[in-house]
Amino acid sequence: MTTPTTTRAPARGRRIAGTGWHGLRTLTLTEARLLLRDPGTVFFALLFPTVLLVGVGFAMPGMRDVVSDAPPPWEGLTAVAFYVPVVLATAVATVALTTMPVYFATFREKGVLRRLSTTPMKPQGLIGAHLFINLVAVVAAALLAVLVGSLVFDLATPVNLVVVVAAFLLGVLAMFSLGMLIASRADRASTASAIGMTLYFPMLFLAGLWTPGPLMPEVLRTIGGYTPLGAAAQAMTTGWFGDGVPASQLVVMAVWTVVLLPLAARLFRWS
Amino acid sequence: MTTAHPVPSVPPAPSTGTLPDGAAPAIEVVALRKAYGSTVAVRDVSFAVGQGEIFGILGPNGAGKTTTVECLAGLRQADAGSVRILGRDPQKDPASVRELLGVQLQEAELNERMTVAEAMRLYASFYEDPADVGELLDLLELTPHRDRQFAKLSGGQKQRLSIALALVGNPQVAILDELTTGLDPQARRTTWELVERVRDRGVTILLVTHFMDEAERLCDRLVIIDQGVVVATGSPAELIEQVDTSRVLRLRVEPHEEVGVLEVLAGLADVQAVTRDGHEIEVTGTRRVLPAVVLALAEQDVVPDVRTVSRSLEDVFVHVTGRTYDHTGAADAAAADDSNDTEGAVR
């Protein structure tokens with residue numbers, strides 16, 4: 001330990017009022033690195049959809065067989081192919097309802113947002129950085145699942161890729177808005193986790209995780225079409241296997257976003 | 001104001017430590033008030049801190065210290081009064097003080113997987129003109145732990161990192177809130193030395209504490225806050241002097257010398273009272289009682305063991321509030337004293 005030398009003159013008049021976003025890049029990279037250091041998050045946010053698709057394809061009997069007794073869009077496809085849009089919806093839900101709200105509640109619980117408020121960086125910067133990181137994670141998880149799925153199984157190529165991508169991104173928006181609403185008030189990671197899980201499983205059910213494609217009863221399909229995740233799965237299914245435009249599902253997702261996102265922003269507690 | 005507090009203070013209070021002549025204050029708080037619903041956390045708090053001072057806000061838990069500091073840092077909107085940091089108004093424009101003010105808050109943690117060096121680099125990146133991270137880690141004795149993750153740091157190390165983060169923006173003013181709560185005695189002393197080192201670099205420090213000994217040891221001047229009101233302002237010595245100008249010593253002499261000693265003491269002008277207490281003699285007198293007694297006894301060839309009994313800020317608190325000091329604080333200190341979990345052991 002050397003004696004500290006006086007290296008700074010006390011009077012400094014050249015302070016420029018900061019923009020509040022200085023260091024946003026460092027913040028994003030640091031947070032991404034920390035996320036990758038957490039094995040649980042890495043598994044659920046990035047690998048889980050792939051594991052789910054491959055697991056279901058191999059574990060459930062008949063999943064890799066070609067369906068021959070189903071109505072037109074399903075005719076001639078393997079059962080595991082029906083499952084792809086559901087797996088992509090699961091990827092979105094996992095990040096939106098389990099990873100994200102818990103991280104944000106932890107920031108609040110641990111006083112990270114409060115500490116940030118004392119620096120030139122706005123706490124909004126941290127939230128923005130995490131939304132971006134989560135978006136990257138969910139896209140990566142989806143691409144990985146589709147890539148590995150195509151290598152392992154006989155999957156169909158999407159009929160209308162634009163619809164699939166639009167449905168996926170709208171689904172991300174609607175589900176992230178819901179995740180943000182949970183994150184806006186939860187004081188503790190455990191609270192956020194409990195609320196997230198309570199919504200996670202019913203939403204996966206209505207998205208068709210247990211009844212993919214033609215297996216879903218009509219009543220469930222109708223109800224599911226009004227939930228953000230169910231609408232996302234249905235819209236991706238339409239785009240993947242047919243050439244129609246799933247207008248009502250796209251509208252449902254847009255409405256959820258328009259309602260939930262401003263509400264979450266309004267309710268968000270910064271300390 | 002309807003409180004019974006005897007020393008309502010509006011700075012600069014003439015007899016209680018004004019700022020050095022003409023110097024612009026680094027921090028100025030005037031008639032601050034903040035209530036949460038019907039609970040008034042801060043009723044009337046005013047003080048001014050000179051540049052380069054270590055200034056204390058001392059008071060029992062719940063006195064309104066943290067609320068005062070949060071208003072100062074622009075984290076909370078005050079109901080009334082004004083605050084200034086280096087002439088800027090953090091209430092109206094919090095962003096204007098962010099580059100100038102470092103804040104170490106109570107109970108603010110980090111991602112448990114973030115290393116010391118990562119945290120420092122991250123927080124440094126937020127500022128236009130950050131401090132040198134390596135130098136700061138050296139100053140706070142964190143260099144050996146730079147690659148250690150937050151969850152694996154000891155309490156003292158976390159606290160030092162928290163101070164380092166408050167300083168990483170090269171602030172001119174730093175607020176340190178309850179920085180030694182929960183630390184063992186050795187870690188507390190280390191932290192105190194660090195605070196002085198930081199001040200020696202030209203940083204003005206506002207130290208919030210409920211520890212009397214900490215305020216007495218570190219602060220150039222301080223305010224004592226109780227129930228949201230400033231009850232005393234001044235340097236520790238001034239405050240103690242105000243309460244009582246007498247001095248107390250305890251002597252221990254050989255039994256055969258005792259009678260002679262008592263005789264000598266009784267004849268001294270500076271001695272006001274002498275009482276025997278077991279093998280010790282307690283002498284109360286003027287501020288010159290110590291040299292007077294030692295000299296007089298030396299003439300008799302008696303060299304006693306002498307112990308001075310000093311007044312403390314605790315006596316000041318009792319004097320100005322009429323209450324004994326909050327025992328939560330005392331209990332904390334006792335718990336820290338009992339702890340064997342020293343920094344050395346954790347390492």
# chains A, B, ... in the order shown; residues from 1 in each chain; ligands from 1

call {"tool": "closest_atom_pairs", "arguments": {"of": "chain B", "to": "chain A", "cutoff": "8 Å", "atoms": "only C-alpha atoms", "output": "JSON lines"}}
result
{"residue": "B:Ala73", "atom": "CA", "partner": "A:Thr118", "partner_atom": "CA", "distance": 7.0}
{"residue": "B:Leu75", "atom": "CA", "partner": "A:Ser117", "partner_atom": "CA", "distance": 7.2}
{"residue": "B:Ala95", "atom": "CA", "partner": "A:Pro120", "partner_atom": "CA", "distance": 6.6}
{"residue": "B:Ser96", "atom": "CA", "partner": "A:Ala17", "partner_atom": "CA", "distance": 6.3}
{"residue": "B:Arg98", "atom": "CA", "partner": "A:Pro120", "partner_atom": "CA", "distance": 5.1}
{"residue": "B:Glu99", "atom": "CA", "partner": "A:Pro120", "partner_atom": "CA", "distance": 6.4}
{"residue": "B:Gly102", "atom": "CA", "partner": "A:Thr118", "partner_atom": "CA", "distance": 7.2}
{"residue": "B:Val103", "atom": "CA", "partner": "A:Thr118", "partner_atom": "CA", "distance": 6.2}
{"residue": "B:Gln104", "atom": "CA", "partner": "A:Arg115", "partner_atom": "CA", "distance": 7.9}
{"residue": "B:Leu105", "atom": "CA", "partner": "A:Arg115", "partner_atom": "CA", "distance": 7.1}
{"residue": "B:Glu107", "atom": "CA", "partner": "A:Gly111", "partner_atom": "CA", "distance": 6.8}
{"residue": "B:Ala108", "atom": "CA", "partner": "A:Gly111", "partner_atom": "CA", "distance": 4.4}
{"residue": "B:Glu109", "atom": "CA", "partner": "A:Lys110", "partner_atom": "CA", "distance": 5.1}
{"residue": "B:Leu110", "atom": "CA", "partner": "A:Val112", "partner_atom": "CA", "distance": 6.2}
{"residue": "B:Asn111", "atom": "CA", "partner": "A:Leu34", "partner_atom": "CA", "distance": 7.9}
{"residue": "B:Arg113", "atom": "CA", "partner": "A:Leu34", "partner_atom": "CA", "distance": 6.5}
{"residue": "B:Met114", "atom": "CA", "partner": "A:Leu34", "partner_atom": "CA", "distance": 6.6}
{"residue": "B:Glu118", "atom": "CA", "partner": "A:Thr30", "partner_atom": "CA", "distance": 7.5}
{"residue": "B:Leu122", "atom": "CA", "partner": "A:Thr26", "partner_atom": "CA", "distance": 6.2}
{"residue": "B:Tyr123", "atom": "CA", "partner": "A:Thr119", "partner_atom": "CA", "distance": 7.9}
{"residue": "B:Ser125", "atom": "CA", "partner": "A:Gly23", "partner_atom": "CA", "distance": 4.6}
{"residue": "B:Phe126", "atom": "CA", "partner": "A:Gly23", "partner_atom": "CA", "distance": 4.7}
{"residue": "B:Tyr127", "atom": "CA", "partner": "A:Pro120", "partner_atom": "CA", "distance": 6.5}
{"residue": "B:Glu128", "atom": "CA", "partner": "A:Gly18", "partner_atom": "CA", "distance": 7.1}
{"residue": "B:Asp138", "atom": "CA", "partner": "A:Met1", "partner_atom": "CA", "distance": 6.5}
{"residue": "B:Leu139", "atom": "CA", "partner": "A:Pro4", "partner_atom": "CA", "distance": 6.8}
{"residue": "B:Glu141", "atom": "CA", "partner": "A:Met1", "partner_atom": "CA", "distance": 7.5}
{"residue": "B:Gln172", "atom": "CA", "partner": "A:Pro10", "partner_atom": "CA", "distance": 7.0}
{"residue": "B:Arg197", "atom": "CA", "partner": "A:Pro4", "partner_atom": "CA", "distance": 7.5}
{"residue": "B:Asp200", "atom": "CA", "partner": "A:Thr6", "partner_atom": "CA", "distance": 7.8}
{"residue": "B:Arg201", "atom": "CA", "partner": "A:Thr6", "partner_atom": "CA", "distance": 5.5}
{"residue": "B:Gly202", "atom": "CA", "partner": "A:Pro10", "partner_atom": "CA", "distance": 6.1}
{"residue": "B:Val203", "atom": "CA", "partner": "A:Pro10", "partner_atom": "CA", "distance": 7.8}

call {"tool": "residues_around", "arguments": {"residues": "B:Thr204", "least_positions_apart": "4", "cutoff": "6 Å", "atoms": "only C-alpha atoms", "output": "list in words"}}
result
Gln51, Gly52, Glu53 and Val173 of chain B

call {"tool": "residues_around", "arguments": {"residues": "A:His130", "least_positions_apart": "4", "cutoff": "9 Å", "atoms": "only C-alpha atoms", "output": "VMD selection string"}}
result
chain A and resid 28 31 to 32 100 103 to 104 125 to 126 134 to 135

call {"tool": "write_last_selection", "arguments": {"atoms": "N, CA and C atoms", "output": "JSON list (two decimals), in the first residue's frame"}}
result
[["chain", "number", "residue", "atom", "x", "y", "z"],
["A", 28, "THR", "N", -24.40, -3.23, -20.74],
["A", 28, "THR", "CA", -25.04, -4.34, -21.46],
["A", 28, "THR", "C", -24.11, -5.55, -21.52],
["A", 31, "GLU", "N", -23.72, -7.12, -18.00],
["A", 31, "GLU", "CA", -24.92, -7.87, -17.60],
["A", 31, "GLU", "C", -25.06, -9.17, -18.39],
["A", 32, "ALA", "N", -24.70, -9.12, -19.67],
["A", 32, "ALA", "CA", -24.78, -10.33, -20.49],
["A", 32, "ALA", "C", -23.79, -11.38, -19.98],
["A", 100, "MET", "N", -36.77, -13.03, -16.73],
["A", 100, "MET", "CA", -36.79, -11.58, -16.69],
["A", 100, "MET", "C", -37.37, -10.98, -15.41],
["A", 103, "TYR", "N", -35.00, -11.40, -12.47],
["A", 103, "TYR", "CA", -33.83, -10.51, -12.51],
["A", 103, "TYR", "C", -34.21, -9.10, -12.05],
["A", 104, "PHE", "N", -35.32, -8.60, -12.59],
["A", 104, "PHE", "CA", -35.70, -7.22, -12.26],
["A", 104, "PHE", "C", -36.07, -7.09, -10.79],
["A", 125, "GLY", "N", -31.55, 2.50, -17.88],
["A", 125, "GLY", "CA", -30.51, 1.93, -18.72],
["A", 125, "GLY", "C", -30.34, 0.45, -18.46],
["A", 126, "LEU", "N", -30.40, 0.09, -17.17],
["A", 126, "LEU", "CA", -30.24, -1.32, -16.79],
["A", 126, "LEU", "C", -31.41, -2.15, -17.31],
["A", 134, "ASN", "N", -32.36, -10.07, -23.15],
["A", 134, "ASN", "CA", -33.39, -11.10, -23.16],
["A", 134, "ASN", "C", -33.94, -11.35, -24.56],
["A", 135, "LEU", "N", -34.03, -10.25, -25.33],
["A", 135, "LEU", "CA", -34.49, -10.41, -26.71],
["A", 135, "LEU", "C", -33.47, -11.25, -27.50]]

call {"tool": "atom_distance", "arguments": {"atom1": "atom CA of B:Val302", "atom2": "atom CA of B:Arg287"}}
result
21.5 Å

call {"tool": "residues_around", "arguments": {"residues": "A:Val102", "least_positions_apart": "5", "cutoff": "12 Å", "atoms": "only C-alpha atoms", "output": "ChimeraX atom specification"}}
result
/A:41,94-97,107-110,130,179-197

call {"tool": "select_by_dssp", "arguments": {"residues": "stretch 27-223 of chain A", "states": "helix (DSSP H, G or I)", "output": "JSON, numbers by chain"}}
result
{"A": [27, 28, 29, 30, 31, 32, 33, 34, 35, 36, 39, 40, 41, 42, 43, 44, 45, 46, 47, 48, 49, 50, 51, 52, 53, 54, 55, 56, 57, 58, 59, 72, 73, 74, 79, 80, 81, 82, 83, 84, 85, 86, 87, 88, 89, 90, 91, 92, 93, 94, 95, 96, 97, 98, 99, 100, 101, 102, 103, 104, 105, 106, 107, 108, 109, 112, 113, 114, 115, 116, 117, 123, 124, 125, 126, 127, 128, 129, 130, 131, 132, 133, 134, 135, 136, 137, 138, 139, 140, 141, 142, 143, 144, 145, 146, 147, 148, 149, 150, 151, 152, 161, 162, 163, 164, 165, 166, 167, 168, 169, 170, 171, 172, 173, 174, 175, 176, 177, 178, 179, 180, 181, 182, 183, 184, 185, 189, 190, 191, 192, 193, 194, 195, 196, 197, 198, 199, 200, 201, 202, 203, 204, 205, 206, 207, 213, 214, 215, 218, 219, 220, 221, 222, 223]}

call {"tool": "write_last_selection", "arguments": {"atoms": "C-alpha atoms", "output": "short mmCIF file (atom, residue, chain, number, x, y, z; two decimals), in the first residue's frame"}}
result
data_model
loop_
_atom_site.label_atom_id
_atom_site.label_comp_id
_atom_site.auth_asym_id
_atom_site.auth_seq_id
_atom_site.Cartn_x
_atom_site.Cartn_y
_atom_site.Cartn_z
CA LEU A 27 -23.47 -2.12 -18.79
CA THR A 28 -25.04 -4.34 -21.46
CA LEU A 29 -21.89 -6.40 -21.97
CA THR A 30 -21.33 -6.80 -18.22
CA GLU A 31 -24.92 -7.87 -17.60
CA ALA A 32 -24.78 -10.33 -20.49
CA ARG A 33 -21.57 -11.84 -19.09
CA LEU A 34 -23.15 -12.16 -15.65
CA LEU A 35 -26.18 -13.87 -17.14
CA LEU A 36 -23.93 -16.37 -18.89
CA PRO A 39 -26.02 -21.90 -15.14
CA GLY A 40 -29.75 -21.91 -14.37
CA THR A 41 -30.41 -18.93 -16.60
CA VAL A 42 -28.23 -20.29 -19.38
CA PHE A 43 -30.13 -23.57 -19.33
CA PHE A 44 -33.65 -22.19 -19.17
CA ALA A 45 -33.20 -19.11 -21.35
CA LEU A 46 -31.00 -20.64 -24.05
CA LEU A 47 -31.03 -24.43 -24.04
CA PHE A 48 -34.40 -25.46 -22.63
CA PRO A 49 -36.42 -25.09 -25.90
CA THR A 50 -33.93 -27.28 -27.78
CA VAL A 51 -33.87 -29.87 -25.01
CA LEU A 52 -37.67 -29.83 -24.94
CA LEU A 53 -38.02 -30.34 -28.71
CA VAL A 54 -35.41 -33.08 -28.92
CA GLY A 55 -36.69 -34.70 -25.72
CA VAL A 56 -40.31 -34.81 -26.86
CA GLY A 57 -39.32 -35.99 -30.33
CA PHE A 58 -37.42 -38.95 -28.97
CA ALA A 59 -39.29 -39.75 -25.78
CA PRO A 72 -55.18 -30.80 -44.73
CA PRO A 73 -52.51 -28.65 -43.11
CA TRP A 74 -51.27 -31.52 -40.94
CA ALA A 79 -45.99 -34.99 -35.34
CA VAL A 80 -42.84 -33.39 -33.98
CA ALA A 81 -43.10 -30.76 -36.71
CA PHE A 82 -46.42 -29.52 -35.20
CA TYR A 83 -44.50 -29.04 -32.05
CA VAL A 84 -42.01 -26.46 -33.36
CA PRO A 85 -44.26 -23.36 -33.03
CA VAL A 86 -45.21 -24.48 -29.51
CA VAL A 87 -41.55 -24.87 -28.59
CA LEU A 88 -40.81 -21.38 -29.92
CA ALA A 89 -43.69 -20.02 -27.82
CA THR A 90 -42.23 -21.87 -24.84
CA ALA A 91 -38.87 -20.20 -25.48
CA VAL A 92 -40.57 -16.80 -25.32
CA ALA A 93 -42.59 -17.65 -22.20
CA THR A 94 -39.59 -19.05 -20.34
CA VAL A 95 -37.60 -15.86 -20.72
CA ALA A 96 -40.56 -13.52 -20.26
CA LEU A 97 -42.08 -15.18 -17.19
CA THR A 98 -39.20 -16.87 -15.40
CA THR A 99 -35.87 -15.20 -16.18
CA MET A 100 -36.79 -11.58 -16.69
CA PRO A 101 -39.14 -10.74 -13.80
CA VAL A 102 -36.84 -12.51 -11.34
CA TYR A 103 -33.83 -10.51 -12.51
CA PHE A 104 -35.70 -7.22 -12.26
CA ALA A 105 -37.13 -8.04 -8.83
CA THR A 106 -33.64 -8.98 -7.70
CA PHE A 107 -32.33 -5.59 -8.82
CA ARG A 108 -34.98 -3.97 -6.66
CA GLU A 109 -34.51 -6.34 -3.72
CA VAL A 112 -29.15 -2.21 -7.49
CA LEU A 113 -31.66 0.24 -8.97
CA ARG A 114 -31.22 2.52 -5.97
CA ARG A 115 -27.45 2.44 -6.30
CA LEU A 116 -27.71 3.19 -10.02
CA SER A 117 -29.93 6.17 -9.23
CA PRO A 123 -31.80 2.86 -13.82
CA GLN A 124 -33.82 2.73 -17.04
CA GLY A 125 -30.51 1.93 -18.72
CA LEU A 126 -30.24 -1.32 -16.79
CA ILE A 127 -33.81 -2.29 -17.67
CA GLY A 128 -33.20 -1.42 -21.33
CA ALA A 129 -29.98 -3.42 -21.36
CA HIS A 130 -31.77 -6.45 -19.91
CA LEU A 131 -34.68 -6.24 -22.33
CA PHE A 132 -32.15 -6.21 -25.15
CA ILE A 133 -30.18 -9.12 -23.66
CA ASN A 134 -33.39 -11.10 -23.16
CA LEU A 135 -34.49 -10.41 -26.71
CA VAL A 136 -31.14 -11.67 -28.00
CA ALA A 137 -31.42 -14.70 -25.71
CA VAL A 138 -34.92 -15.62 -26.86
CA VAL A 139 -34.03 -15.24 -30.55
CA ALA A 140 -30.88 -17.33 -30.01
CA ALA A 141 -32.84 -19.98 -28.11
CA ALA A 142 -35.46 -20.15 -30.89
CA LEU A 143 -32.88 -20.36 -33.68
CA LEU A 144 -30.96 -23.05 -31.80
CA ALA A 145 -34.10 -25.13 -31.30
CA VAL A 146 -35.08 -24.87 -34.98
CA LEU A 147 -31.54 -25.60 -36.14
CA VAL A 148 -31.02 -28.63 -33.91
CA GLY A 149 -34.58 -29.79 -34.62
CA SER A 150 -34.00 -29.69 -38.39
CA LEU A 151 -30.78 -31.64 -38.04
CA VAL A 152 -32.36 -34.33 -35.88
CA LEU A 161 -41.61 -17.04 -43.06
CA VAL A 162 -42.70 -13.40 -42.75
CA VAL A 163 -45.81 -14.40 -40.81
CA VAL A 164 -43.79 -16.74 -38.57
CA VAL A 165 -41.22 -14.05 -37.78
CA ALA A 166 -43.87 -11.36 -37.26
CA ALA A 167 -45.87 -13.68 -34.99
CA PHE A 168 -42.76 -14.58 -33.01
CA LEU A 169 -41.71 -10.95 -32.51
CA LEU A 170 -45.23 -9.82 -31.60
CA GLY A 171 -45.38 -12.72 -29.18
CA VAL A 172 -42.08 -11.55 -27.65
CA LEU A 173 -43.49 -8.02 -27.29
CA ALA A 174 -46.74 -9.16 -25.67
CA MET A 175 -45.05 -11.65 -23.33
CA PHE A 176 -42.22 -9.28 -22.35
CA SER A 177 -44.90 -6.70 -21.54
CA LEU A 178 -46.53 -9.22 -19.24
CA GLY A 179 -43.16 -10.07 -17.70
CA MET A 180 -42.48 -6.36 -17.17
CA LEU A 181 -45.83 -5.97 -15.44
CA ILE A 182 -44.82 -8.67 -12.95
CA ALA A 183 -41.38 -7.04 -12.65
CA SER A 184 -42.85 -3.59 -12.14
CA ARG A 185 -43.99 -4.21 -8.59
CA ALA A 189 -37.14 -12.39 -6.48
CA SER A 190 -39.26 -15.07 -4.79
CA THR A 191 -42.47 -13.09 -5.34
CA ALA A 192 -41.64 -12.49 -8.99
CA SER A 193 -40.80 -16.16 -9.41
CA ALA A 194 -44.05 -17.29 -7.80
CA ILE A 195 -46.22 -15.02 -9.95
CA GLY A 196 -44.25 -15.91 -13.08
CA MET A 197 -44.65 -19.64 -12.48
CA THR A 198 -48.36 -19.28 -11.75
CA LEU A 199 -48.84 -17.80 -15.21
CA TYR A 200 -46.21 -19.91 -16.98
CA PHE A 201 -47.85 -23.34 -16.87
CA PRO A 202 -51.45 -22.33 -17.74
CA MET A 203 -50.09 -20.27 -20.61
CA LEU A 204 -48.00 -23.17 -21.90
CA PHE A 205 -51.07 -25.37 -21.63
CA LEU A 206 -53.17 -22.94 -23.67
CA ALA A 207 -50.32 -22.60 -26.17
CA GLY A 213 -51.30 -28.98 -33.56
CA PRO A 214 -54.50 -30.90 -34.36
CA LEU A 215 -54.57 -32.53 -30.93
CA GLU A 218 -61.53 -26.63 -30.24
CA VAL A 219 -62.66 -24.96 -26.97
CA LEU A 220 -59.08 -24.73 -25.72
CA ARG A 221 -57.95 -23.38 -29.06
CA THR A 222 -60.59 -20.63 -28.89
CA ILE A 223 -59.63 -19.66 -25.33
#

call {"tool": "decode", "arguments": {"residues": "stretch 29-91 of chain B", "atoms": "C-alpha atoms", "output": "PDB file, in the first residue's frame"}}
result
ATOM      1  CA  VAL B  29     -29.273  22.084   3.920  1.00  0.00           C
ATOM      2  CA  VAL B  30     -31.812  24.649   5.078  1.00  0.00           C
ATOM      3  CA  ALA B  31     -35.024  23.892   6.974  1.00  0.00           C
ATOM      4  CA  LEU B  32     -35.471  20.512   5.315  1.00  0.00           C
ATOM      5  CA  ARG B  33     -38.758  18.738   5.950  1.00  0.00           C
ATOM      6  CA  LYS B  34     -40.056  15.381   4.734  1.00  0.00           C
ATOM      7  CA  ALA B  35     -43.073  13.389   5.870  1.00  0.00           C
ATOM      8  CA  TYR B  36     -44.323   9.989   4.794  1.00  0.00           C
ATOM      9  CA  GLY B  37     -48.066  10.234   5.197  1.00  0.00           C
ATOM     10  CA  SER B  38     -48.627  11.301   8.776  1.00  0.00           C
ATOM     11  CA  THR B  39     -45.153  10.270   9.909  1.00  0.00           C
ATOM     12  CA  VAL B  40     -42.741  13.170   9.873  1.00  0.00           C
ATOM     13  CA  ALA B  41     -39.281  11.718   9.207  1.00  0.00           C
ATOM     14  CA  VAL B  42     -37.463  15.043   8.957  1.00  0.00           C
ATOM     15  CA  ARG B  43     -39.070  18.002  10.724  1.00  0.00           C
ATOM     16  CA  ASP B  44     -36.455  20.723  10.541  1.00  0.00           C
ATOM     17  CA  VAL B  45     -32.882  19.984   9.578  1.00  0.00           C
ATOM     18  CA  SER B  46     -30.289  22.593   8.623  1.00  0.00           C
ATOM     19  CA  PHE B  47     -26.527  22.405   8.370  1.00  0.00           C
ATOM     20  CA  ALA B  48     -23.656  23.471   6.158  1.00  0.00           C
ATOM     21  CA  VAL B  49     -20.558  21.465   5.327  1.00  0.00           C
ATOM     22  CA  GLY B  50     -17.285  23.120   4.343  1.00  0.00           C
ATOM     23  CA  GLN B  51     -15.150  21.779   1.518  1.00  0.00           C
ATOM     24  CA  GLY B  52     -12.738  19.111   2.665  1.00  0.00           C
ATOM     25  CA  GLU B  53     -14.547  18.456   5.940  1.00  0.00           C
ATOM     26  CA  ILE B  54     -15.628  15.143   7.354  1.00  0.00           C
ATOM     27  CA  PHE B  55     -19.058  16.140   8.578  1.00  0.00           C
ATOM     28  CA  GLY B  56     -21.235  13.820  10.605  1.00  0.00           C
ATOM     29  CA  ILE B  57     -24.961  13.316  10.865  1.00  0.00           C
ATOM     30  CA  LEU B  58     -25.340  11.491  14.147  1.00  0.00           C
ATOM     31  CA  GLY B  59     -28.518  10.238  15.688  1.00  0.00           C
ATOM     32  CA  PRO B  60     -30.363   7.162  16.888  1.00  0.00           C
ATOM     33  CA  ASN B  61     -32.051   4.820  14.425  1.00  0.00           C
ATOM     34  CA  GLY B  62     -35.156   6.430  12.979  1.00  0.00           C
ATOM     35  CA  ALA B  63     -33.967   9.972  13.686  1.00  0.00           C
ATOM     36  CA  GLY B  64     -34.327  10.978  10.027  1.00  0.00           C
ATOM     37  CA  LYS B  65     -30.698  10.648   8.949  1.00  0.00           C
ATOM     38  CA  THR B  66     -31.212   8.506   5.883  1.00  0.00           C
ATOM     39  CA  THR B  67     -34.185  10.562   4.687  1.00  0.00           C
ATOM     40  CA  THR B  68     -32.064  13.705   4.967  1.00  0.00           C
ATOM     41  CA  VAL B  69     -29.350  12.084   2.905  1.00  0.00           C
ATOM     42  CA  GLU B  70     -31.812  10.779   0.302  1.00  0.00           C
ATOM     43  CA  CYS B  71     -33.210  14.279  -0.166  1.00  0.00           C
ATOM     44  CA  LEU B  72     -29.653  15.571  -0.503  1.00  0.00           C
ATOM     45  CA  ALA B  73     -28.828  12.976  -3.132  1.00  0.00           C
ATOM     46  CA  GLY B  74     -31.973  13.839  -5.080  1.00  0.00           C
ATOM     47  CA  LEU B  75     -33.438  10.377  -4.527  1.00  0.00           C
ATOM     48  CA  ARG B  76     -36.419  11.747  -2.635  1.00  0.00           C
ATOM     49  CA  GLN B  77     -38.522  14.851  -3.029  1.00  0.00           C
ATOM     50  CA  ALA B  78     -38.522  16.994   0.109  1.00  0.00           C
ATOM     51  CA  ASP B  79     -41.748  18.613   1.327  1.00  0.00           C
ATOM     52  CA  ALA B  80     -40.041  21.867   2.241  1.00  0.00           C
ATOM     53  CA  GLY B  81     -36.652  23.471   2.655  1.00  0.00           C
ATOM     54  CA  SER B  82     -33.712  23.571   0.318  1.00  0.00           C
ATOM     55  CA  VAL B  83     -30.583  21.541  -0.312  1.00  0.00           C
ATOM     56  CA  ARG B  84     -27.504  22.458  -2.323  1.00  0.00           C
ATOM     57  CA  ILE B  85     -24.448  20.468  -3.294  1.00  0.00           C
ATOM     58  CA  LEU B  86     -21.637  22.661  -4.595  1.00  0.00           C
ATOM     59  CA  GLY B  87     -24.257  25.263  -5.418  1.00  0.00           C
ATOM     60  CA  ARG B  88     -26.439  22.877  -7.397  1.00  0.00           C
ATOM     61  CA  ASP B  89     -29.978  21.878  -6.501  1.00  0.00           C
ATOM     62  CA  PRO B  90     -30.374  18.090  -6.457  1.00  0.00           C
ATOM     63  CA  GLN B  91     -34.097  18.413  -5.731  1.00  0.00           C
TER      64      GLN B  91
END
